[in-house]
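Structure data follow from coords36.txt (compact mmCIF, C-alpha atoms):
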# COMPACT_ATOMS: atom_id res chain seq x y z
CA MET A 1 31.48 -1.16 164.64
CA LEU A 2 28.79 1.45 163.94
CA HIS A 3 26.33 0.85 161.12
CA LEU A 4 23.52 2.87 159.61
CA ALA A 5 20.63 0.55 158.84
CA LYS A 6 17.03 0.62 157.68
CA VAL A 7 14.41 -1.39 159.52
CA LEU A 8 12.75 -3.77 157.05
CA GLY A 9 10.40 -5.25 159.60
CA GLN A 10 10.06 -6.28 163.19
CA LYS A 11 8.83 -9.65 164.37
CA SER A 12 6.79 -10.36 167.46
CA SER A 13 9.60 -12.63 168.66
CA GLY A 14 11.67 -9.55 169.42
CA SER A 15 13.91 -9.79 166.40
CA ALA A 16 14.11 -7.33 163.53
CA GLU A 17 15.20 -7.44 159.93
CA LEU A 18 17.64 -4.68 159.08
CA GLN A 19 19.25 -3.63 155.84
CA LEU A 20 22.76 -2.34 156.47
CA LEU A 21 23.34 0.86 154.50
CA ALA A 22 26.74 2.12 155.68
CA TYR A 23 29.42 1.45 158.26
CA GLN A 24 31.98 3.55 160.06
CA GLN A 25 35.59 2.71 159.24
CA PRO A 26 38.34 2.83 161.89
CA ASP A 27 39.44 6.28 160.68
CA THR A 28 35.87 7.53 161.42
CA THR A 29 34.94 7.94 157.76
CA TRP A 30 31.82 6.25 156.51
CA HIS A 31 31.58 3.71 153.72
CA VAL A 32 28.28 3.20 151.91
CA ILE A 33 27.38 -0.42 151.37
CA GLY A 34 26.27 -0.98 147.78
CA GLN A 35 22.65 -2.01 147.26
CA VAL A 36 23.74 -5.27 145.64
CA LYS A 37 25.97 -6.22 148.57
CA SER A 38 23.50 -5.06 151.20
CA GLU A 39 21.79 -8.01 152.76
CA ALA A 40 19.07 -8.27 155.33
CA LEU A 41 20.39 -8.90 158.80
CA SER A 42 18.18 -10.53 161.37
CA ILE A 43 19.02 -9.30 164.85
CA GLU A 44 17.69 -9.82 168.32
CA MET A 45 16.49 -6.51 169.68
CA PRO A 46 18.00 -5.42 172.99
CA SER A 47 16.02 -6.05 176.13
CA GLU A 48 14.60 -2.51 176.08
CA LYS A 49 11.89 -3.83 173.74
CA VAL A 50 12.07 -0.69 171.63
CA SER A 51 9.94 -0.92 168.53
CA TYR A 52 11.03 0.68 165.27
CA GLY A 53 8.63 0.96 162.37
CA GLU A 54 9.40 -0.32 158.91
CA GLY A 55 11.64 2.12 157.00
CA THR A 56 13.04 3.71 160.16
CA LEU A 57 16.74 4.51 159.98
CA VAL A 58 18.72 3.32 162.97
CA VAL A 59 22.33 3.47 164.11
CA ILE A 60 23.48 0.15 165.49
CA GLU A 61 26.71 -0.89 167.08
CA LEU A 62 27.62 -4.45 166.22
CA SER A 63 30.22 -6.62 167.88
CA ASP A 64 32.65 -8.63 165.79
CA ASP A 65 30.24 -11.59 165.82
CA ASN A 66 27.33 -9.37 164.59
CA LYS A 67 25.64 -9.15 167.99
CA VAL A 68 23.90 -5.85 168.69
CA ARG A 69 25.61 -3.83 171.38
CA SER A 70 23.29 -0.84 171.01
CA ILE A 71 20.59 0.47 168.71
CA GLN A 72 19.08 3.92 168.47
CA ASP A 73 16.91 5.95 166.15
CA ALA A 74 19.17 7.70 163.63
CA THR A 75 17.19 10.96 163.45
CA ASP A 76 19.29 12.89 165.99
CA TRP A 77 22.49 11.35 164.64
CA ILE A 78 21.63 12.38 161.07
CA LEU A 79 20.67 15.89 162.19
CA ASP A 80 24.03 16.16 163.98
CA MET A 81 25.79 15.05 160.80
CA LEU A 82 23.88 17.64 158.79
CA ALA A 83 24.85 20.33 161.28
CA MET A 84 28.52 19.34 160.94
CA PRO A 85 29.14 21.44 157.79
CA THR A 86 28.02 24.52 159.75
CA PHE A 87 30.45 23.64 162.51
CA LEU A 88 33.20 22.92 160.00
CA GLN A 89 32.54 26.22 158.22
CA GLN A 90 32.87 28.05 161.54
CA GLU A 91 36.13 26.21 162.23
CA ILE A 92 37.41 27.08 158.75
CA GLU A 93 36.60 30.75 159.36
CA ARG A 94 38.28 30.64 162.77
CA LEU A 95 41.38 29.01 161.28
CA GLU A 96 41.46 31.53 158.43
CA ALA A 97 41.33 34.40 160.94
CA TRP A 98 44.14 32.73 162.89
CA ARG A 99 46.17 32.29 159.70
CA GLN A 100 45.70 35.96 158.82
CA SER A 101 46.74 36.95 162.33
CA LEU A 102 49.88 34.83 162.04
CA THR A 103 50.62 36.33 158.64
CA LEU A 104 50.36 39.85 160.09
CA GLU A 105 52.60 38.88 163.01
CA SER A 106 55.10 37.34 160.61
CA GLN A 107 55.10 40.50 158.49
CA GLU A 108 55.59 42.62 161.62
CA LEU A 109 58.51 40.44 162.71
CA ALA A 110 60.06 40.68 159.24
CA ARG A 111 59.70 44.48 159.35
CA ARG A 112 61.32 44.63 162.78
CA ASN A 113 64.12 42.34 161.59
CA LEU A 114 64.80 44.71 158.68
CA GLU A 115 64.87 47.66 161.10
CA VAL A 116 67.34 45.84 163.36
CA GLU A 117 69.54 44.95 160.37
CA ALA A 118 69.45 48.58 159.17
CA ARG A 119 70.42 49.80 162.66
CA LEU A 120 73.18 47.21 162.84
CA GLU A 121 74.55 48.35 159.46
CA HIS A 122 74.36 51.96 160.63
CA ILE A 123 76.22 51.08 163.86
CA GLN A 124 78.84 49.14 161.91
CA ALA A 125 79.27 52.10 159.55
CA LEU A 126 79.70 54.43 162.54
CA GLU A 127 82.24 52.04 164.09
CA GLU A 128 84.18 51.95 160.81
CA SER A 129 84.03 55.71 160.63
CA LEU A 130 85.35 55.99 164.21
CA ARG A 131 88.21 53.60 163.42
CA LYS A 132 89.22 55.63 160.40
CA GLU A 133 89.01 58.84 162.40
CA ARG A 134 91.18 57.36 165.19
CA LYS A 135 93.71 56.13 162.62
CA SER A 136 93.88 59.54 161.01
CA GLN A 137 94.38 61.20 164.44
CA GLN A 138 97.18 58.78 165.36
CA VAL A 139 99.14 59.57 162.25

Please express what this file holds, its structure, as structure tokens.
Amino acid sequence: MLHLAKVLGQKSSGSAELQLLAYQQPDTTWHVIGQVKSEALSIEMPSEKVSYGEGTLVVIELSDDNKVRSIQDATDWILDMLAMPTFLQQEIERLEAWRQSLTLESQELARRNLEVEARLEHIQALEESLRKERKSQQV
């Protein structure tokens, strides 16, 4: 499970104290962990021996037994999240243009349907007129 955490300190033994701030739920939404509930988590740093300064925000992936699968600086991740509204706005605009296009197509189809119905009524009226004319000629 992905977590956003703040580095509280790093020990020379290769472990670090982290404060978990938020976690990603299965539906990919994020849940903020309340300050009261948030506890320091002591973790063994991966073998890369990456050092994070106190206060650094990191994204960590924890296994079910709270073992670190991966850890990375959260800067790029946060910047990507901040850029998301721009992407979403572009998608909203694209979808709105698509919706308008579909509305125009729907209106055009409705107009054509009315034309076809009008022609059909005209043809039926002509057929009725021909029937009456044939009846009058037969008499």

Problem set entry | Which of A:Glu91, A:Ala97, A:Leu2, A:Leu130 sits closest to Gln25 (chain A) [using all atoms listed in the file] |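 Closest candidate: A:Leu2.
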
Problem set entry | Who sits within 12 Å of Thr29 (chain A), only C-alpha atoms, same chain under 5 positions skipped, as an MDAnalysis selection string | chainID A and resid 1:3 22:24 81

Exercise. CA of Val7 (chain A) and CA of Leu82 (chain A), how far apart in Å?
Worked result: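 One can read the CA of Leu82 (chain A) to CA of Val7 (chain A) distance as 21.3 Å.
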
Exercise. To one decimal place, how far is CA of Leu41 (chain A) from CA of Leu18 (chain A) in Å?
Worked result: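 Result for CA of Leu41 (chain A) versus CA of Leu18 (chain A): 5.0 Å, one decimal.
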
Problem set entry | Distance of CA of Ile78 (chain A) from CA of Val59 (chain A), expressed in Å to one decimal place | 9.4 Å

Please return the centre and edge lengths, in Å to one decimal, of a box with edges along x, y and z that contains all listed atoms of region 125-135 of chain A, widened by 4 Å on every side, as AutoDock Vina command-line options.
--center_x 86.5 --center_y 55.4 --center_z 162.4 --size_x 22.4 --size_y 14.9 --size_z 13.6

Problem set entry | region 64-75 of chain A environment, 8 Å, all atoms listed in the file, sequence neighbours closer than 3 positions dropped, as number ranges by chain | A: 1, 4, 43-46, 52, 56-61, 78-79

Problem set entry | Protein/DNA/RNA residues near (6.2, 1.6, 162.7), cut 12 Å, all atoms listed in the file, as a list in words |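 Neighbouring residues, ordered by chain and number, come to Lys6, Val7, Leu8, Gly9, Gln10, Lys11, Ala16, Val50, Ser51, Tyr52, Gly53, Glu54, Gly55, Thr56 and Leu57 of chain A.
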